[in-house]
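Colleague: Take a look at this one; I'll ask things after.
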Amino acid sequence: MGVVIIDGSTVRAFVADEEHFKKSVDEKFAALDLNNDGVLSRTELRKAFESMRLIEAHFGVDVATPPEQLTKLYDSIFDKFDCDNSGTVDLDEFRSQMKEIMLAIADGLGSCPIQMVLEDDDPSFLKQAAELEVSKLNNAS
Ligand SMILES: [Ca+2]
Ligand SMILES: [Ca+2]
């Protein structure tokens, strides 16, 4: 565990590192596909967002949001992911939306760095972005 400063360029570098990003997304997808049918259902995707804490970062939802409003929000997110309206999210849909979301977060961060505490069990993508930054710094020194 440690503290690292990240900003928009950190997140962008993470997404731009295609091999690494794809691997992270693929691993995340596999972990989220609880029943191993190769696609994410509405429930599985909702669990995903609850665990990734991306909603808070990207959509600015505060903790006091009423459950029915959250459900609406998750439904709208699911529809965004499910580009072909098949009722499930496949790996391609997941990859492209994750990329968009991460880039939107990068835009949101801009050049205003945020401080992140890295916890070992934190599954968030921002943490992975931060770790990539740390490993680059280590390599540079
Ligand atoms: Ca599934
Ligand atoms: Ca679909």
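Ligands are numbered from 1 in the order shown, residues from 1 within each chain, and chains are lettered A, B, ... in the order they appear in the structure tokens.
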Give me the residues near Asp90 in chain A as an NGL selection string, where near means some atom within 8 Å (using only C-alpha atoms) and where sequence neighbours in that chain fewer than 5 positions away do not count.
Modeller: :A and (38-40 or 82)
Colleague: Can you write out as a Markdown table which residues of chain A fall within 12 Å of ligand 1, alongside each residue's closest atom pair and its distance in Å to one decimal, counting only C-alpha atoms and all ligand atoms and ordering rows by chain and ascending residue number?
Modeller:
```
| residue | atom | partner | partner_atom_place_in_ligand_line | distance |
| --- | --- | --- | --- | --- |
| A:Phe29 | CA | ligand 1 | 1 (Ca) | 9.3 |
| A:Ala30 | CA | ligand 1 | 1 (Ca) | 8.9 |
| A:Ala31 | CA | ligand 1 | 1 (Ca) | 9.8 |
| A:Leu32 | CA | ligand 1 | 1 (Ca) | 7.4 |
| A:Asp33 | CA | ligand 1 | 1 (Ca) | 4.2 |
| A:Leu34 | CA | ligand 1 | 1 (Ca) | 5.5 |
| A:Asn35 | CA | ligand 1 | 1 (Ca) | 4.8 |
| A:Asn36 | CA | ligand 1 | 1 (Ca) | 5.3 |
| A:Asp37 | CA | ligand 1 | 1 (Ca) | 4.8 |
| A:Gly38 | CA | ligand 1 | 1 (Ca) | 5.8 |
| A:Val39 | CA | ligand 1 | 1 (Ca) | 4.6 |
| A:Leu40 | CA | ligand 1 | 1 (Ca) | 4.3 |
| A:Ser41 | CA | ligand 1 | 1 (Ca) | 5.5 |
| A:Arg42 | CA | ligand 1 | 1 (Ca) | 9.0 |
| A:Thr43 | CA | ligand 1 | 1 (Ca) | 8.8 |
| A:Glu44 | CA | ligand 1 | 1 (Ca) | 6.6 |
| A:Leu45 | CA | ligand 1 | 1 (Ca) | 8.9 |
| A:Arg46 | CA | ligand 1 | 1 (Ca) | 11.8 |
| A:Lys47 | CA | ligand 1 | 1 (Ca) | 11.5 |
| A:Ala48 | CA | ligand 1 | 1 (Ca) | 11.5 |
| A:Gly87 | CA | ligand 1 | 1 (Ca) | 11.3 |
| A:Thr88 | CA | ligand 1 | 1 (Ca) | 8.3 |
| A:Val89 | CA | ligand 1 | 1 (Ca) | 8.7 |
| A:Asp90 | CA | ligand 1 | 1 (Ca) | 9.1 |
| A:Leu91 | CA | ligand 1 | 1 (Ca) | 10.8 |
```
Colleague: Have a look at A:Ile77, A:Pro113, A:Lys136, A:Asp92 and name the one nearest to ligand 2; count only C-alpha atoms and all ligand atoms.
Modeller: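 Closest to ligand 2, using only C-alpha atoms and all ligand atoms: A:Asp92.
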Colleague: Considering only C-alpha atoms, state which residue in the set A:Glu93, A:Glu19, A:Asp26, A:Glu50 is at the smallest distance from Tyr74 in chain A.
Modeller: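 So, comparing all the options, the nearest one is A:Glu50.
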Colleague: Check range 91-121 of chain A with DSSP on the backbone and list each residue it calls helix (DSSP H, G or I), as a list in words.
Modeller: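 Restricting range 91-121 of chain A to helix (DSSP H, G or I) produces Leu91, Asp92, Glu93, Phe94, Arg95, Ser96, Gln97, Met98, Lys99, Glu100, Ile101, Met102, Leu103, Ala104, Ile105, Ala106, Asp107, Gly108 and Leu109 of chain A.
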Colleague: Can you spit out the residues from that selection as a compact mmCIF listing (two decimals), in the first residue's frame, using N, CA and C atoms?
Modeller:
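To be explicit, this is the file written out as part-v7.txt:
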```txt
# COMPACT_ATOMS: atom_id res chain seq x y z
N LEU A 91 -17.64 -9.27 -24.74
CA LEU A 91 -16.30 -8.76 -24.46
C LEU A 91 -15.95 -7.53 -25.29
N ASP A 92 -16.34 -7.53 -26.56
CA ASP A 92 -16.05 -6.37 -27.41
C ASP A 92 -16.75 -5.11 -26.92
N GLU A 93 -18.01 -5.28 -26.54
CA GLU A 93 -18.76 -4.14 -26.03
C GLU A 93 -18.13 -3.62 -24.74
N PHE A 94 -17.74 -4.56 -23.90
CA PHE A 94 -17.13 -4.21 -22.62
C PHE A 94 -15.83 -3.45 -22.84
N ARG A 95 -14.99 -3.97 -23.72
CA ARG A 95 -13.70 -3.32 -24.00
C ARG A 95 -13.88 -1.89 -24.49
N SER A 96 -14.76 -1.70 -25.46
CA SER A 96 -14.86 -0.36 -26.06
C SER A 96 -15.47 0.63 -25.07
N GLN A 97 -16.43 0.17 -24.26
CA GLN A 97 -17.02 1.10 -23.30
C GLN A 97 -16.06 1.44 -22.16
N MET A 98 -15.29 0.43 -21.73
CA MET A 98 -14.32 0.70 -20.66
C MET A 98 -13.32 1.75 -21.11
N LYS A 99 -12.94 1.64 -22.37
CA LYS A 99 -11.99 2.59 -22.92
C LYS A 99 -12.59 4.00 -22.89
N GLU A 100 -13.83 4.11 -23.35
CA GLU A 100 -14.49 5.41 -23.36
C GLU A 100 -14.61 6.00 -21.97
N ILE A 101 -14.99 5.14 -21.03
CA ILE A 101 -15.17 5.63 -19.66
C ILE A 101 -13.84 6.10 -19.08
N MET A 102 -12.78 5.31 -19.31
CA MET A 102 -11.49 5.70 -18.77
C MET A 102 -11.01 7.02 -19.40
N LEU A 103 -11.26 7.18 -20.70
CA LEU A 103 -10.85 8.43 -21.35
C LEU A 103 -11.69 9.61 -20.84
N ALA A 104 -12.96 9.35 -20.55
CA ALA A 104 -13.81 10.41 -19.99
C ALA A 104 -13.31 10.80 -18.61
N ILE A 105 -12.88 9.80 -17.85
CA ILE A 105 -12.32 10.09 -16.53
C ILE A 105 -11.03 10.90 -16.69
N ALA A 106 -10.23 10.52 -17.68
CA ALA A 106 -8.99 11.26 -17.94
C ALA A 106 -9.29 12.72 -18.25
N ASP A 107 -10.31 12.95 -19.07
CA ASP A 107 -10.70 14.32 -19.39
C ASP A 107 -11.16 15.05 -18.14
N GLY A 108 -11.89 14.33 -17.30
CA GLY A 108 -12.38 14.93 -16.06
C GLY A 108 -11.25 15.31 -15.12
N LEU A 109 -10.24 14.46 -15.08
CA LEU A 109 -9.09 14.76 -14.22
C LEU A 109 -8.27 15.90 -14.79
```
Colleague: Using only C-alpha atoms, which protein or nucleic acid residues come within 6 Å of range 3-15 of chain A? Drop anything in the same chain fewer than 3 positions from it, and give the result as a list of chain:residue names.
Modeller: A:Phe21, A:Ala106, A:Leu109, A:Gly110, A:Ser111, A:Cys112, A:Pro113, A:Ile114, A:Gln115, A:Met116, A:Val117, A:Leu118, A:Ala129
Colleague: Write to file, as a PDB file, in the first residue's frame, the residues of the selection just made, with C-alpha atoms.
Modeller:
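File written: again.pdb
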```pdb
ATOM      1  CA  PHE A  21      -5.166  -2.253 -20.935  1.00  0.00           C
ATOM      2  CA  ALA A 106      -8.993  11.261 -17.939  1.00  0.00           C
ATOM      3  CA  LEU A 109      -9.089  14.758 -14.218  1.00  0.00           C
ATOM      4  CA  GLY A 110      -7.396  16.944 -16.785  1.00  0.00           C
ATOM      5  CA  SER A 111      -4.265  18.382 -15.325  1.00  0.00           C
ATOM      6  CA  CYS A 112      -5.680  18.426 -11.809  1.00  0.00           C
ATOM      7  CA  PRO A 113      -3.856  15.577 -10.121  1.00  0.00           C
ATOM      8  CA  ILE A 114      -5.622  13.549  -7.480  1.00  0.00           C
ATOM      9  CA  GLN A 115      -3.946  11.690  -4.706  1.00  0.00           C
ATOM     10  CA  MET A 116      -4.727   8.007  -4.507  1.00  0.00           C
ATOM     11  CA  VAL A 117      -4.106   5.606  -1.707  1.00  0.00           C
ATOM     12  CA  LEU A 118      -3.191   2.232  -3.109  1.00  0.00           C
ATOM     13  CA  ALA A 129      -3.390   3.129 -14.007  1.00  0.00           C
TER      14      ALA A 129
END
```
Colleague: Under the rule that only C-alpha atoms and all ligand atoms are counted, which of A:Glu18, A:Asp84, A:Glu27, A:Asp79 is the nearest residue to ligand 2?
Modeller: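 Going through A:Glu18, A:Asp84, A:Glu27, A:Asp79 one by one, the smallest distance to ligand 2 is for A:Asp84.
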Colleague: Would you mind reading off the distance between CA of Lys23 in chain A and CA of Asp75 in chain A, one decimal, in Å?
Modeller: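 Between CA of Lys23 in chain A and CA of Asp75 in chain A the gap works out to 26.2 Å.
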Colleague: Any idea what the distance is between CA of Glu131 in chain A and CA of Gly2 in chain A?
Modeller: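 If I compute the distance from CA of Glu131 in chain A to CA of Gly2 in chain A, I get 10.1 Å.
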Colleague: Suppose you want the space between CA of Val25 in chain A and CA of Ser135 in chain A; what is it in Å?
Modeller: 19.0 Å
